[in-house]
Amino acid sequence: MKFWKVTTRFFDNGKVDVTVEQQEGASMPDSTSAEKEKFDEYIDYFKTKREADAWAEDARNA
């Protein structure tokens, strides 16, 4: 199964970093989040690139 992974990092200084990459696996993982020392990280998964790109664009404009 192919799906899309969006990794979003919201840094304490206001910077936002977003990556979109295609992944493949037996099933699509659950989304996760973690608080790191200098940023909060969110990893979300989508069935289509269109959904992933829309999510990434929204994050960039947050």
# chains A, B, ... in the order shown; residues from 1 in each chain; ligands from 1

call {"tool": "residues_around", "arguments": {"residues": "Lys2 (chain A)", "least_positions_apart": "2", "cutoff": "9 Å", "atoms": "only C-alpha atoms", "output": "PyMOL selection string"}}
result
chain A and resi 4+22-28+47-48

call {"tool": "select_by_dssp", "arguments": {"residues": "chain A", "states": "strand (DSSP E or B)", "output": "PyMOL selection string"}}
result
chain A and resi 2-11+16-24+32-35+39-46

call {"tool": "write_last_selection", "arguments": {"atoms": "N, CA and C atoms", "output": "mmCIF file, in the first residue's frame"}}
result
data_model
loop_
_atom_site.group_PDB
_atom_site.id
_atom_site.type_symbol
_atom_site.label_atom_id
_atom_site.label_comp_id
_atom_site.auth_asym_id
_atom_site.auth_seq_id
_atom_site.Cartn_x
_atom_site.Cartn_y
_atom_site.Cartn_z
ATOM 1 N N LYS A 2 0.594 2.190 -0.891
ATOM 2 C CA LYS A 2 1.325 3.452 -0.930
ATOM 3 C C LYS A 2 0.480 4.537 -0.277
ATOM 4 N N PHE A 3 1.160 5.432 0.437
ATOM 5 C CA PHE A 3 0.489 6.539 1.104
ATOM 6 C C PHE A 3 1.493 7.677 1.263
ATOM 7 N N TRP A 4 1.028 8.798 1.779
ATOM 8 C CA TRP A 4 1.860 9.993 1.890
ATOM 9 C C TRP A 4 2.042 10.386 3.343
ATOM 10 N N LYS A 5 3.266 10.722 3.715
ATOM 11 C CA LYS A 5 3.620 11.137 5.076
ATOM 12 C C LYS A 5 3.938 12.628 5.069
ATOM 13 N N VAL A 6 3.302 13.358 5.976
ATOM 14 C CA VAL A 6 3.587 14.786 6.140
ATOM 15 C C VAL A 6 4.172 14.982 7.533
ATOM 16 N N THR A 7 5.398 15.484 7.586
ATOM 17 C CA THR A 7 6.048 15.794 8.849
ATOM 18 C C THR A 7 6.059 17.304 9.004
ATOM 19 N N THR A 8 5.477 17.780 10.092
ATOM 20 C CA THR A 8 5.391 19.214 10.356
ATOM 21 C C THR A 8 6.093 19.509 11.670
ATOM 22 N N ARG A 9 6.977 20.502 11.637
ATOM 23 C CA ARG A 9 7.673 20.931 12.854
ATOM 24 C C ARG A 9 7.393 22.412 13.076
ATOM 25 N N PHE A 10 6.831 22.718 14.239
ATOM 26 C CA PHE A 10 6.583 24.095 14.650
ATOM 27 C C PHE A 10 7.647 24.460 15.677
ATOM 28 N N PHE A 11 8.589 25.313 15.257
ATOM 29 C CA PHE A 11 9.701 25.692 16.122
ATOM 30 C C PHE A 11 9.285 26.800 17.088
ATOM 31 N N VAL A 16 8.225 27.301 10.665
ATOM 32 C CA VAL A 16 7.477 26.079 10.386
ATOM 33 C C VAL A 16 8.203 25.328 9.273
ATOM 34 N N ASP A 17 8.472 24.050 9.496
ATOM 35 C CA ASP A 17 9.145 23.205 8.510
ATOM 36 C C ASP A 17 8.213 22.041 8.174
ATOM 37 N N VAL A 18 7.946 21.854 6.876
ATOM 38 C CA VAL A 18 7.026 20.801 6.448
ATOM 39 C C VAL A 18 7.677 19.983 5.337
ATOM 40 N N THR A 19 7.602 18.663 5.461
ATOM 41 C CA THR A 19 8.060 17.781 4.393
ATOM 42 C C THR A 19 6.937 16.824 4.018
ATOM 43 N N VAL A 20 6.876 16.492 2.744
ATOM 44 C CA VAL A 20 5.893 15.539 2.228
ATOM 45 C C VAL A 20 6.671 14.459 1.494
ATOM 46 N N GLU A 21 6.413 13.210 1.857
ATOM 47 C CA GLU A 21 7.119 12.120 1.183
ATOM 48 C C GLU A 21 6.214 10.910 1.017
ATOM 49 N N GLN A 22 6.426 10.193 -0.071
ATOM 50 C CA GLN A 22 5.658 8.981 -0.317
ATOM 51 C C GLN A 22 6.270 7.837 0.470
ATOM 52 N N GLN A 23 5.407 6.992 1.026
ATOM 53 C CA GLN A 23 5.841 5.831 1.796
ATOM 54 C C GLN A 23 5.093 4.609 1.282
ATOM 55 N N GLU A 24 5.591 3.460 1.655
ATOM 56 C CA GLU A 24 4.928 2.216 1.279
ATOM 57 C C GLU A 24 5.012 1.251 2.449
ATOM 58 N N THR A 32 1.036 10.776 14.631
ATOM 59 C CA THR A 32 1.693 10.933 15.930
ATOM 60 C C THR A 32 2.074 12.386 16.159
ATOM 61 N N SER A 33 2.362 12.716 17.401
ATOM 62 C CA SER A 33 2.890 14.037 17.732
ATOM 63 C C SER A 33 3.850 13.892 18.898
ATOM 64 N N ALA A 34 4.807 14.819 18.967
ATOM 65 C CA ALA A 34 5.799 14.783 20.045
ATOM 66 C C ALA A 34 6.292 16.194 20.323
ATOM 67 N N GLU A 35 6.523 16.483 21.587
ATOM 68 C CA GLU A 35 7.126 17.757 21.979
ATOM 69 C C GLU A 35 8.620 17.538 22.147
ATOM 70 N N PHE A 39 11.045 22.316 19.290
ATOM 71 C CA PHE A 39 9.909 22.313 18.360
ATOM 72 C C PHE A 39 8.915 21.225 18.737
ATOM 73 N N ASP A 40 7.715 21.382 18.223
ATOM 74 C CA ASP A 40 6.695 20.339 18.321
ATOM 75 C C ASP A 40 6.599 19.681 16.955
ATOM 76 N N GLU A 41 6.547 18.366 16.926
ATOM 77 C CA GLU A 41 6.546 17.619 15.665
ATOM 78 C C GLU A 41 5.261 16.812 15.520
ATOM 79 N N TYR A 42 4.681 16.913 14.342
ATOM 80 C CA TYR A 42 3.470 16.172 14.018
ATOM 81 C C TYR A 42 3.725 15.362 12.755
ATOM 82 N N ILE A 43 3.359 14.093 12.777
ATOM 83 C CA ILE A 43 3.485 13.240 11.599
ATOM 84 C C ILE A 43 2.096 12.721 11.268
ATOM 85 N N ASP A 44 1.637 13.053 10.069
ATOM 86 C CA ASP A 44 0.304 12.671 9.612
ATOM 87 C C ASP A 44 0.427 11.902 8.309
ATOM 88 N N TYR A 45 -0.518 11.007 8.076
ATOM 89 C CA TYR A 45 -0.495 10.148 6.889
ATOM 90 C C TYR A 45 -1.785 10.331 6.094
ATOM 91 N N PHE A 46 -1.639 10.273 4.756
ATOM 92 C CA PHE A 46 -2.771 10.499 3.859
ATOM 93 C C PHE A 46 -2.754 9.497 2.721
#

call {"tool": "atom_distance", "arguments": {"atom1": "CA of Asp12 (chain A)", "atom2": "CA of Arg50 (chain A)"}}
result
28.5 Å

call {"tool": "select_by_dssp", "arguments": {"residues": "chain A", "states": "helix (DSSP H, G or I)", "output": "list in words"}}
result
Lys49, Arg50, Glu51, Ala52, Asp53, Ala54, Trp55, Ala56, Glu57, Asp58, Ala59 and Arg60 of chain A

call {"tool": "write_last_selection", "arguments": {"atoms": "C-alpha atoms", "output": "PDB file, in the first residue's frame"}}
result
ATOM      1  CA  LYS A  49      -0.839  13.318  -2.547  1.00  0.00           C
ATOM      2  CA  ARG A  50      -3.569  15.923  -2.994  1.00  0.00           C
ATOM      3  CA  GLU A  51      -4.652  15.515   0.644  1.00  0.00           C
ATOM      4  CA  ALA A  52      -1.040  15.563   1.847  1.00  0.00           C
ATOM      5  CA  ASP A  53      -0.191  18.693  -0.162  1.00  0.00           C
ATOM      6  CA  ALA A  54      -3.297  20.507   1.120  1.00  0.00           C
ATOM      7  CA  TRP A  55      -2.401  19.629   4.722  1.00  0.00           C
ATOM      8  CA  ALA A  56       1.190  20.776   4.179  1.00  0.00           C
ATOM      9  CA  GLU A  57       0.080  24.084   2.626  1.00  0.00           C
ATOM     10  CA  ASP A  58      -2.237  24.773   5.569  1.00  0.00           C
ATOM     11  CA  ALA A  59       0.635  24.119   7.989  1.00  0.00           C
ATOM     12  CA  ARG A  60       2.959  26.456   6.092  1.00  0.00           C
TER      13      ARG A  60
END
